[in-house]
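Shown next: start.cif, containing mmCIF, C-alpha atoms and all ligand atoms.
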```cif
data_work
#
loop_
_atom_site.label_atom_id
_atom_site.label_comp_id
_atom_site.auth_asym_id
_atom_site.auth_seq_id
_atom_site.Cartn_x
_atom_site.Cartn_y
_atom_site.Cartn_z
CA MET A 206 -18.21 -10.16 24.62
CA GLU A 207 -18.85 -12.13 21.43
CA GLN A 208 -17.04 -15.42 21.06
CA GLY A 209 -16.04 -17.34 17.93
CA VAL A 210 -16.94 -14.62 15.43
CA HIS A 211 -16.76 -14.80 11.64
CA HIS A 212 -14.11 -12.79 9.85
CA ASP A 213 -16.52 -10.05 8.64
CA ARG A 214 -18.08 -9.69 12.07
CA ALA A 215 -14.66 -9.41 13.73
CA LEU A 216 -13.76 -6.51 11.45
CA GLU A 217 -17.13 -4.88 12.01
CA ILE A 218 -16.70 -5.08 15.79
CA ALA A 219 -13.14 -3.74 15.65
CA LEU A 220 -14.26 -0.82 13.48
CA GLY A 221 -16.59 0.15 16.30
CA LYS A 222 -13.39 1.38 17.95
CA PRO A 223 -11.42 2.79 14.99
CA LEU A 224 -7.98 4.32 15.02
CA GLU A 225 -8.32 8.07 15.31
CA LYS A 226 -7.50 9.84 12.04
CA ASN A 227 -5.43 12.99 12.51
CA VAL A 228 -4.03 15.25 9.83
CA GLU A 229 -0.76 17.17 9.53
CA THR A 230 0.67 19.50 6.90
CA ILE A 231 4.19 18.65 5.78
CA GLN A 232 6.67 19.90 3.20
CA PHE A 233 6.34 18.26 -0.18
CA ASN A 234 9.95 17.06 -0.12
CA GLN A 235 9.25 15.12 3.09
CA ALA A 236 6.14 13.43 1.77
CA ASN A 237 7.49 10.24 0.19
CA GLY A 238 5.30 7.28 1.15
CA ARG A 239 2.83 9.33 3.19
CA VAL A 240 -0.93 9.07 2.72
CA LEU A 241 -2.97 12.05 1.52
CA ALA A 242 -5.57 13.24 4.01
CA ASN A 243 -7.49 15.22 1.39
CA PRO A 244 -7.78 15.13 -2.41
CA LEU A 245 -5.24 17.18 -4.37
CA SER A 246 -6.27 19.42 -7.27
CA SER A 247 -3.99 21.05 -9.75
CA HIS A 248 -2.79 24.63 -9.17
CA VAL A 249 -1.97 24.90 -12.88
CA ASP A 250 -3.00 23.74 -16.34
CA ASP A 251 -0.87 20.79 -17.42
CA PRO A 252 0.66 21.51 -19.89
CA ARG A 253 0.65 25.20 -19.05
CA PHE A 254 0.84 26.22 -22.73
CA ASP A 255 0.80 24.55 -26.15
CA ASN A 256 4.29 23.09 -26.65
CA SER A 257 6.21 20.74 -28.88
CA ALA A 258 6.51 17.01 -28.20
CA MET A 259 9.55 16.84 -30.52
CA ASP A 260 12.79 18.57 -31.34
CA GLY A 261 12.25 20.02 -34.82
CA PHE A 262 10.54 22.94 -36.53
CA ALA A 263 7.24 24.67 -35.84
CA VAL A 264 5.57 25.32 -39.21
CA ARG A 265 2.27 26.07 -40.89
CA ALA A 266 0.79 22.78 -42.07
CA SER A 267 -0.58 24.46 -45.19
CA ASP A 268 3.02 25.27 -46.27
CA CYS A 269 4.08 21.63 -46.14
CA LYS A 270 1.32 19.84 -47.97
CA GLU A 271 3.30 18.73 -51.03
CA GLY A 272 6.85 17.48 -51.62
CA PRO A 273 9.95 18.96 -50.07
CA THR A 274 9.27 22.56 -49.01
CA ILE A 275 11.89 25.18 -48.27
CA LEU A 276 11.05 27.52 -45.38
CA THR A 277 12.89 30.46 -43.84
CA ILE A 278 13.95 30.01 -40.23
CA VAL A 279 12.89 33.10 -38.27
CA GLY A 280 13.79 32.15 -34.69
CA VAL A 281 14.10 29.51 -32.06
CA SER A 282 11.83 28.35 -29.26
CA GLN A 283 13.58 26.75 -26.30
CA ALA A 284 12.10 25.25 -23.13
CA GLY A 285 12.30 28.00 -20.52
CA GLY A 286 13.54 30.52 -23.13
CA GLU A 287 12.01 33.75 -24.35
CA HIS A 288 8.69 33.65 -26.15
CA PRO A 289 9.41 32.83 -29.82
CA PRO A 290 8.57 35.19 -32.67
CA ALA A 291 5.36 34.60 -34.64
CA ILE A 292 5.74 32.91 -38.00
CA GLY A 293 4.05 33.78 -41.27
CA PRO A 294 3.59 31.89 -44.57
CA GLY A 295 6.85 30.31 -45.83
CA GLN A 296 8.46 30.59 -42.41
CA ALA A 297 9.52 28.11 -39.70
CA CYS A 298 10.78 28.32 -36.13
CA ARG A 299 13.34 25.91 -34.68
CA ILE A 300 11.72 24.31 -31.63
CA MET A 301 12.85 22.04 -28.77
CA THR A 302 10.81 19.49 -26.84
CA GLY A 303 8.66 21.26 -24.24
CA ALA A 304 9.18 24.72 -25.79
CA PRO A 305 6.13 26.93 -26.48
CA MET A 306 4.54 26.97 -29.93
CA PRO A 307 5.12 30.26 -31.78
CA SER A 308 1.92 31.95 -32.83
CA GLY A 309 1.10 31.37 -36.48
CA ALA A 310 2.48 27.78 -36.33
CA ASP A 311 0.05 24.88 -36.21
CA ALA A 312 2.26 21.80 -36.80
CA ILE A 313 5.67 20.31 -36.01
CA VAL A 314 8.17 18.62 -38.30
CA MET A 315 10.66 16.34 -36.54
CA VAL A 316 14.29 17.38 -36.89
CA GLU A 317 14.99 13.94 -38.43
CA ASP A 318 12.68 14.89 -41.35
CA THR A 319 14.53 18.09 -42.24
CA GLN A 320 17.75 19.42 -43.77
CA THR A 321 19.05 22.78 -42.67
CA ASP A 322 21.22 25.23 -44.63
CA GLN A 323 21.97 28.41 -42.68
CA ASP A 324 18.60 30.21 -42.29
CA ARG A 325 16.68 27.81 -44.51
CA VAL A 326 15.13 24.45 -43.72
CA THR A 327 13.99 21.85 -46.24
CA VAL A 328 11.01 19.91 -44.96
CA LEU A 329 11.20 16.29 -46.15
CA GLY A 330 8.69 14.58 -43.86
CA PRO A 331 5.21 15.14 -42.49
CA ALA A 332 4.16 18.25 -40.55
CA ARG A 333 2.00 16.91 -37.72
CA THR A 334 -0.45 18.70 -35.46
CA GLY A 335 -0.26 15.58 -33.24
CA TYR A 336 3.27 16.61 -32.22
CA ILE A 337 1.78 19.54 -30.32
CA ARG A 338 0.93 18.99 -26.66
CA ARG A 339 -2.11 21.15 -26.02
CA ARG A 340 -2.58 23.38 -23.03
CA ALA A 341 -4.42 21.49 -20.21
CA GLU A 342 -4.71 18.29 -22.22
CA ASN A 343 -3.50 16.33 -19.16
CA LEU A 344 -5.11 18.35 -16.37
CA ALA A 345 -7.01 21.61 -16.14
CA LYS A 346 -6.31 24.05 -13.31
CA GLY A 347 -8.56 23.12 -10.37
CA GLN A 348 -9.06 19.55 -11.55
CA GLU A 349 -8.81 16.88 -8.84
CA ALA A 350 -6.23 14.25 -9.71
CA LEU A 351 -5.24 12.50 -6.48
CA PRO A 352 -7.94 11.23 -4.10
CA ALA A 353 -7.84 11.28 -0.30
CA GLY A 354 -6.24 8.12 1.03
CA ALA A 355 -3.77 7.76 -1.84
CA THR A 356 -0.18 6.92 -0.98
CA LEU A 357 2.39 9.39 -2.24
CA THR A 358 4.29 6.84 -4.30
CA SER A 359 6.88 7.84 -6.89
CA ALA A 360 4.27 8.63 -9.55
CA ALA A 361 1.82 10.28 -7.13
CA LEU A 362 4.64 12.45 -5.75
CA ALA A 363 5.62 13.53 -9.25
CA LEU A 364 1.99 14.35 -10.02
CA ALA A 365 1.65 16.40 -6.79
CA GLY A 366 4.80 18.25 -7.87
CA THR A 367 3.46 18.79 -11.40
CA MET A 368 0.33 20.29 -9.86
CA GLY A 369 2.44 22.73 -7.83
CA HIS A 370 1.98 21.56 -4.24
CA GLY A 371 4.80 22.79 -1.98
CA GLN A 372 3.06 21.35 1.08
CA VAL A 373 0.62 18.50 1.47
CA GLU A 374 -1.91 17.50 4.09
CA VAL A 375 -1.28 13.90 5.07
CA VAL A 376 -2.64 11.41 7.57
CA LYS A 377 -0.63 11.68 10.77
CA ARG A 378 1.11 8.37 11.43
CA PRO A 379 -0.60 6.73 14.39
CA LYS A 380 1.65 5.14 17.00
CA ILE A 381 1.03 1.43 17.30
CA ALA A 382 2.60 -0.41 20.20
CA ILE A 383 3.79 -3.96 19.65
CA LEU A 384 4.33 -6.27 22.58
CA SER A 385 5.24 -9.96 22.57
CA THR A 386 4.51 -11.99 25.66
CA GLY A 387 6.04 -15.27 26.79
CA ASP A 388 8.52 -16.53 29.41
CA GLU A 389 10.30 -18.49 26.71
CA LEU A 390 11.16 -15.55 24.42
CA VAL A 391 14.64 -14.03 24.11
CA PRO A 392 16.02 -11.63 21.49
CA PRO A 393 17.71 -13.21 18.45
CA GLY A 394 21.50 -13.23 18.80
CA THR A 395 21.53 -13.99 22.53
CA GLU A 396 22.51 -17.28 24.21
CA LEU A 397 19.55 -19.66 24.58
CA ALA A 398 18.92 -21.32 27.95
CA PRO A 399 17.00 -24.63 27.93
CA GLY A 400 13.37 -24.07 26.91
CA GLN A 401 13.97 -20.65 25.42
CA ILE A 402 13.31 -19.66 21.79
CA TYR A 403 14.05 -16.59 19.74
CA GLU A 404 11.38 -13.91 19.67
CA SER A 405 10.37 -13.05 16.11
CA ASN A 406 6.74 -11.92 15.97
CA SER A 407 7.33 -8.36 17.13
CA HIS A 408 9.73 -7.72 14.25
CA ALA A 409 7.28 -9.03 11.65
CA LEU A 410 4.42 -7.02 13.15
CA ALA A 411 6.52 -3.86 13.28
CA SER A 412 7.36 -4.30 9.61
CA LEU A 413 3.68 -4.70 8.70
CA VAL A 414 2.66 -1.72 10.85
CA GLU A 415 5.23 0.48 9.10
CA SER A 416 4.10 -0.61 5.66
CA MET A 417 0.57 0.43 6.64
CA GLY A 418 1.79 4.01 7.13
CA CYS A 419 1.94 3.83 10.96
CA LEU A 420 4.76 4.20 13.48
CA ALA A 421 5.68 0.91 15.12
CA MET A 422 6.55 1.29 18.82
CA ARG A 423 8.12 -2.14 19.33
CA HIS A 424 8.66 -3.16 22.94
CA GLU A 425 10.93 -5.92 24.22
CA SER A 426 8.92 -9.02 25.10
CA VAL A 427 7.48 -9.37 28.59
CA ALA A 428 7.26 -12.46 30.77
CA ASP A 429 4.00 -14.24 31.50
CA SER A 430 3.29 -12.24 34.65
CA MET A 431 0.17 -10.20 35.34
CA ASP A 432 2.15 -7.49 37.13
CA GLU A 433 4.75 -7.09 34.43
CA LEU A 434 2.10 -7.14 31.72
CA ARG A 435 -0.05 -4.56 33.53
CA ALA A 436 2.88 -2.21 34.09
CA THR A 437 3.86 -2.43 30.42
CA LEU A 438 0.32 -2.02 29.10
CA VAL A 439 -0.13 1.08 31.26
CA ARG A 440 2.88 2.62 29.58
CA LEU A 441 1.83 1.52 26.10
CA SER A 442 -1.72 2.80 26.44
CA GLU A 443 -0.38 6.24 25.51
CA CYS A 444 -0.10 4.87 21.96
CA ASP A 445 -3.04 4.96 19.54
CA ALA A 446 -3.40 1.17 19.53
CA ILE A 447 -1.70 -1.88 21.01
CA LEU A 448 -0.89 -5.18 19.31
CA THR A 449 0.13 -8.00 21.61
CA SER A 450 1.25 -11.45 20.54
CA GLY A 451 0.83 -14.62 22.58
CA GLY A 452 -1.12 -15.36 25.70
CA VAL A 453 -4.64 -15.30 24.30
CA SER A 454 -5.49 -19.02 24.32
CA MET A 455 -7.00 -21.20 27.02
CA GLY A 456 -3.70 -21.90 28.81
CA GLU A 457 -3.00 -21.19 32.46
CA TRP A 458 -0.29 -18.70 31.38
CA ASP A 459 -2.35 -16.85 28.79
CA HIS A 460 -2.21 -13.59 30.69
CA VAL A 461 -3.19 -11.22 27.89
CA ARG A 462 -6.63 -12.80 27.78
CA LYS A 463 -6.82 -12.83 31.59
CA ILE A 464 -5.80 -9.22 32.10
CA MET A 465 -8.18 -8.07 29.36
CA GLU A 466 -10.99 -10.07 30.96
CA GLU A 467 -10.34 -8.72 34.44
CA GLU A 468 -9.07 -5.20 33.82
CA GLY A 469 -9.80 -4.37 30.17
CA ASP A 470 -12.84 -4.65 27.99
CA ILE A 471 -13.03 -7.51 25.47
CA ALA A 472 -15.33 -6.99 22.47
CA PHE A 473 -14.66 -10.39 20.93
CA TRP A 474 -12.53 -13.42 21.55
CA LYS A 475 -11.73 -16.12 18.98
CA MET A 476 -12.37 -15.97 15.26
CA ARG A 477 -13.65 -18.70 12.97
CA ILE A 478 -10.49 -18.82 10.91
CA ARG A 479 -7.67 -21.31 10.50
CA PRO A 480 -4.90 -20.64 11.27
CA GLY A 481 -5.25 -17.82 13.78
CA GLY A 482 -8.29 -18.88 15.82
CA PRO A 483 -7.63 -17.35 19.24
CA PRO A 484 -7.31 -13.55 18.73
CA LEU A 485 -9.17 -11.05 20.85
CA PHE A 486 -10.06 -7.41 20.36
CA GLY A 487 -11.06 -4.87 22.93
CA THR A 488 -9.82 -1.81 24.75
CA TRP A 489 -7.24 -1.46 27.45
CA ARG A 490 -8.10 1.68 29.44
CA GLY A 491 -9.68 3.14 26.31
CA THR A 492 -6.93 2.16 23.86
CA PRO A 493 -7.85 -0.36 21.12
CA LEU A 494 -5.97 -3.61 21.66
CA PHE A 495 -5.61 -6.60 19.35
CA GLY A 496 -4.48 -9.72 21.18
CA LEU A 497 -2.87 -11.70 18.38
CA PRO A 498 -1.99 -15.37 18.71
CA GLY A 499 1.61 -16.25 19.61
CA ASN A 500 2.10 -18.81 16.86
CA PRO A 501 4.21 -16.86 14.39
CA VAL A 502 2.18 -17.67 11.26
CA SER A 503 -1.10 -17.04 13.06
CA SER A 504 -0.03 -13.62 14.30
CA LEU A 505 0.84 -12.49 10.77
CA VAL A 506 -2.24 -14.02 9.19
CA VAL A 507 -4.50 -12.27 11.71
CA PHE A 508 -2.70 -9.02 11.02
CA HIS A 509 -3.35 -9.42 7.29
CA VAL A 510 -7.03 -10.30 7.56
CA LEU A 511 -8.03 -8.17 10.55
CA VAL A 512 -5.57 -5.50 11.66
CA ALA A 513 -4.56 -4.28 8.19
CA PRO A 514 -8.15 -3.67 7.01
CA TRP A 515 -8.94 -2.07 10.39
CA ILE A 516 -6.08 0.41 9.93
CA ALA A 517 -6.98 1.04 6.27
CA ARG A 518 -10.67 1.63 6.98
CA SER A 519 -10.06 3.71 10.11
CA LEU A 520 -7.69 6.04 8.32
CA GLY A 521 -9.70 6.26 5.08
CA TYR A 522 -7.07 4.65 2.87
CA HIS A 523 -8.06 4.49 -0.77
CA PRO A 524 -8.78 0.85 -1.72
CA GLU A 525 -6.66 0.91 -4.88
CA LEU A 526 -4.26 3.80 -4.36
CA GLY A 527 -3.66 3.58 -0.60
CA PRO A 528 -1.03 1.53 1.30
CA ARG A 529 -1.35 -2.05 0.27
CA ILE A 530 0.01 -5.21 1.79
CA SER A 531 -2.45 -7.60 0.25
CA ARG A 532 -4.82 -7.78 -2.66
CA ARG A 533 -7.89 -9.95 -3.29
CA VAL A 534 -7.46 -12.11 -6.38
CA SER A 535 -9.01 -15.19 -8.01
CA VAL A 536 -6.55 -18.04 -8.46
CA MET A 537 -6.73 -21.45 -10.08
CA LEU A 538 -5.67 -24.26 -7.76
CA GLU A 539 -3.15 -26.68 -9.19
CA GLU A 540 -3.81 -29.24 -6.47
CA ASP A 541 -6.54 -30.24 -4.03
CA ILE A 542 -6.46 -28.13 -0.86
CA LEU A 543 -8.32 -29.08 2.30
CA GLY A 544 -10.65 -26.53 3.86
CA ALA A 545 -11.58 -26.41 7.55
CA PRO A 546 -14.75 -27.43 9.38
CA ARG A 547 -16.81 -24.32 10.30
CA LYS A 548 -13.85 -21.99 9.71
CA LEU A 549 -12.58 -19.75 6.93
CA CYS A 550 -9.45 -21.57 5.80
CA LEU A 551 -6.39 -19.43 5.11
CA ARG A 552 -3.91 -21.90 3.69
CA ARG A 553 -0.63 -20.58 2.47
CA ILE A 554 -0.25 -20.74 -1.31
CA ARG A 555 2.33 -19.61 -3.81
CA ILE A 556 0.68 -17.57 -6.56
CA ARG A 557 2.30 -17.18 -9.94
CA SER A 558 1.13 -15.81 -13.24
CA GLU A 559 1.26 -18.14 -16.23
CA ASN A 560 -0.49 -18.06 -19.62
CA GLY A 561 -2.88 -15.34 -18.51
CA LYS A 562 -3.90 -17.13 -15.30
CA LEU A 563 -2.93 -16.86 -11.66
CA LEU A 564 -2.01 -20.37 -10.53
CA ALA A 565 -1.68 -21.44 -6.89
CA THR A 566 0.32 -24.27 -5.34
CA THR A 567 1.42 -25.23 -1.83
CA HIS A 568 4.99 -26.04 -0.93
CA THR A 569 5.95 -26.42 2.72
CA HIS A 570 4.43 -27.84 5.86
CA GLN A 571 1.46 -25.61 6.82
CA GLY A 572 1.88 -25.64 10.61
CA SER A 573 1.08 -22.34 12.30
CA GLY A 574 4.53 -22.33 13.89
CA ASN A 575 6.35 -22.66 10.56
CA MET A 576 7.47 -19.16 9.62
CA HIS A 577 9.29 -20.58 6.61
CA SER A 578 5.85 -21.21 5.10
CA MET A 579 5.17 -17.44 5.07
CA VAL A 580 8.29 -16.87 2.99
CA ALA A 581 7.94 -19.91 0.72
CA HIS A 582 4.39 -18.75 -0.08
CA ASN A 583 2.98 -15.38 -1.08
CA GLY A 584 -0.73 -15.81 -0.61
CA LEU A 585 -3.58 -17.16 1.49
CA THR A 586 -6.64 -19.08 0.34
CA LEU A 587 -10.05 -17.77 1.35
CA LEU A 588 -11.76 -21.17 1.41
CA PRO A 589 -15.21 -20.72 3.01
CA PRO A 590 -16.08 -22.88 6.05
CA ASP A 591 -16.56 -26.60 5.28
CA THR A 592 -15.28 -26.17 1.72
CA ASP A 593 -12.35 -27.99 0.16
CA GLY A 594 -10.59 -26.67 -2.93
CA ARG A 595 -10.17 -28.95 -5.93
CA ALA A 596 -7.41 -28.95 -8.52
CA GLY A 597 -8.52 -26.82 -11.49
CA GLU A 598 -11.03 -24.84 -9.41
CA ILE A 599 -10.91 -21.04 -9.26
CA ILE A 600 -11.08 -19.71 -5.71
CA GLU A 601 -10.74 -16.37 -3.94
CA ALA A 602 -7.40 -15.67 -2.31
CA ILE A 603 -5.27 -12.93 -0.81
CA TRP A 604 -2.05 -12.08 -2.58
CA LEU A 605 0.44 -10.85 0.01
CA LEU A 606 2.52 -8.00 -1.41
P1 LIG B 1 1.01 -18.61 22.92
O1 LIG B 1 -0.03 -18.00 22.03
O2 LIG B 1 1.60 -17.64 23.87
O3 LIG B 1 0.51 -19.86 23.56
O4 LIG B 1 2.18 -19.04 21.94
C1 LIG B 1 1.97 -20.01 20.95
C2 LIG B 1 3.29 -20.46 20.37
O5 LIG B 1 3.93 -19.41 19.70
C3 LIG B 1 4.28 -20.97 21.39
O6 LIG B 1 4.98 -22.06 20.83
C4 LIG B 1 5.21 -19.79 21.60
O7 LIG B 1 6.48 -20.21 22.02
C5 LIG B 1 5.24 -19.17 20.22
N1 LIG B 1 5.45 -17.74 20.32
C6 LIG B 1 4.71 -16.89 21.07
N2 LIG B 1 5.13 -15.63 20.95
C7 LIG B 1 6.16 -15.66 20.07
C8 LIG B 1 7.02 -14.65 19.53
N3 LIG B 1 6.88 -13.38 19.86
N4 LIG B 1 7.98 -15.04 18.66
C9 LIG B 1 8.09 -16.35 18.31
N5 LIG B 1 7.33 -17.34 18.79
C10 LIG B 1 6.36 -17.00 19.66
MG MG B 2 2.72 -17.76 25.53
#
```
Show how you would write the structure in this file as structure tokens.
Amino acid sequence: MEQGVHHDRALEIALGKPLEKNVETIQFNQANGRVLANPLSSHVDDPRFDNSAMDGFAVRASDCKEGPTILTIVGVSQAGGEHPPAIGPGQACRIMTGAPMPSGADAIVMVEDTQTDQDRVTVLGPARTGYIRRRAENLAKGQEALPAGATLTSAALALAGTMGHGQVEVVKRPKIAILSTGDELVPPGTELAPGQIYESNSHALASLVESMGCLAMRHESVADSMDELRATLVRLSECDAILTSGGVSMGEWDHVRKIMEEEGDIAFWKMRIRPGGPPLFGTWRGTPLFGLPGNPVSSLVVFHVLVAPWIARSLGYHPELGPRISRRVSVMLEEDILGAPRKLCLRRIRIRSENGKLLATTHTHQGSGNMHSMVAHNGLTLLPPDTDGRAGEIIEAIWLL
């Protein structure tokens, strides 16, 4: 077991026991928000044929070089309609947006630049070849357009549809168990006895797990008892990974650490970060387990800096196009911010964009029990160990999305 590891090392150790990546094929209309397991290539040229970008008339540019020209209308080309007749010199074909170009035509005049009188059209404006959308100008058949690990967002879904995919191969959602521990915890909405508090971490962790494309198997909290914890962990070890919160510090009642020491396998305990120092990672009967701190802010911060990248890397998420709950950015501090001795300091900051810069300020009390600070702020500093931040300085940060 390694103890007191740096952030990078913690992730490296955890990736030694990655989440297993499985693949399933699903119907395209069920694929919203899922993550592609393999790249997608186009089944078709896009556009499939030369077509008009405007409602107007398909013409021969050479007919429309000078002044108003009168042309004879020989047919109409509609999107999804029959193939239009060819046009010859002095002729034009009415055309709608997306409709195929008639052969013989090499330019489009917008309807706004014409006057029509029965079967004749007077061309008053320019005839433009630029109003033709060329076959395959967006994508050629066989061309790869969506990489593995991309999330099927609105635009990616529309692109998969454009390319003709009726089914897609996606990453199977791993089941991630979430278990809070603590004698003091009761569900929100119930009567509080003396000493009890409302349990909140499991709900936040479940939300984060879902936004990482996984299934959250949230369990009601368990008391600080080895027997109860063991029985629950045995059941949860059917899941692909387990996240616990609480019980990983030095306290007499920190049973997650104890049970992992005695009956599990701990790969590391404690990280050199603030907040969120006490997490552990290991396996419980073969299942990867992150023991997150109980302090509400700490549990979320450790998820952001450790669990989220572990999920993303294990499942091959694309760094730009995959599920995203945070993004590395450079921000300019508007005030001095204290770092931490020998620890990466993850202070909560509010990031806003102003005059072409990302500016960062702090607002509330930064205690690791103050969940309000995670809502009042939207980012975390990445101040290296023993380094304070000064007003006006540009530092690395995480923007929580
Ligand atoms: P622990 O890590 O178990 O020592 O817990 C640290 C602090 O976080 C204590 O004040 C706990 O009451 C609090 N805490 C632990 N788990 C939760 C939870 N699931 N929801 C809210 N607060 C918690
Ligand atoms: Mg506890």
Taking all atoms listed in the file into account, name the residue in A:Arg490, A:Glu374, A:Glu415, A:Arg435 that is nearest to A:Ala355.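 Using all atoms listed in the file, A:Ala355 sits closest to A:Glu374.
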To one decimal place in Å, what is the distance between atom CA of A:Gly544 and atom CA of A:Gln571? 12.5 Å
8 Å shell around ligand LIG 1 (chain B) using all atoms listed in the file, listed as a list in words: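 Checking all atoms listed in the file against ligand LIG 1 (chain B) at 8 Å gives Ser385, Thr386, Gly387, Glu389, Leu390, Ile402, Tyr403, Glu404, Ser405, Asn406, Ser407, Ser426, Ser450, Gly451, Gly452, Val453, Ser454, Gly456, Trp458, Asp459, Leu497, Pro498, Gly499, Asn500, Pro501 and Gly574 of chain A.
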Between atom CA of A:Val461 and atom CA of A:Leu441, what is the distance in Å, rounded to a tenth?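 Computing it gives 13.8 Å between the two atoms.
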Tell me, in Å to one decimal, how far atom CA of A:Phe486 is from atom CA of A:Asp593.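 Here the two named atoms are 28.9 Å from each other.
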Among listed residues A:Gly280, A:Gly354, A:Pro392, A:Gly286, nearest A:Arg529 (using all atoms listed in the file):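 Comparing A:Gly280, A:Gly354, A:Pro392, A:Gly286 against A:Arg529, the winner is A:Gly354.
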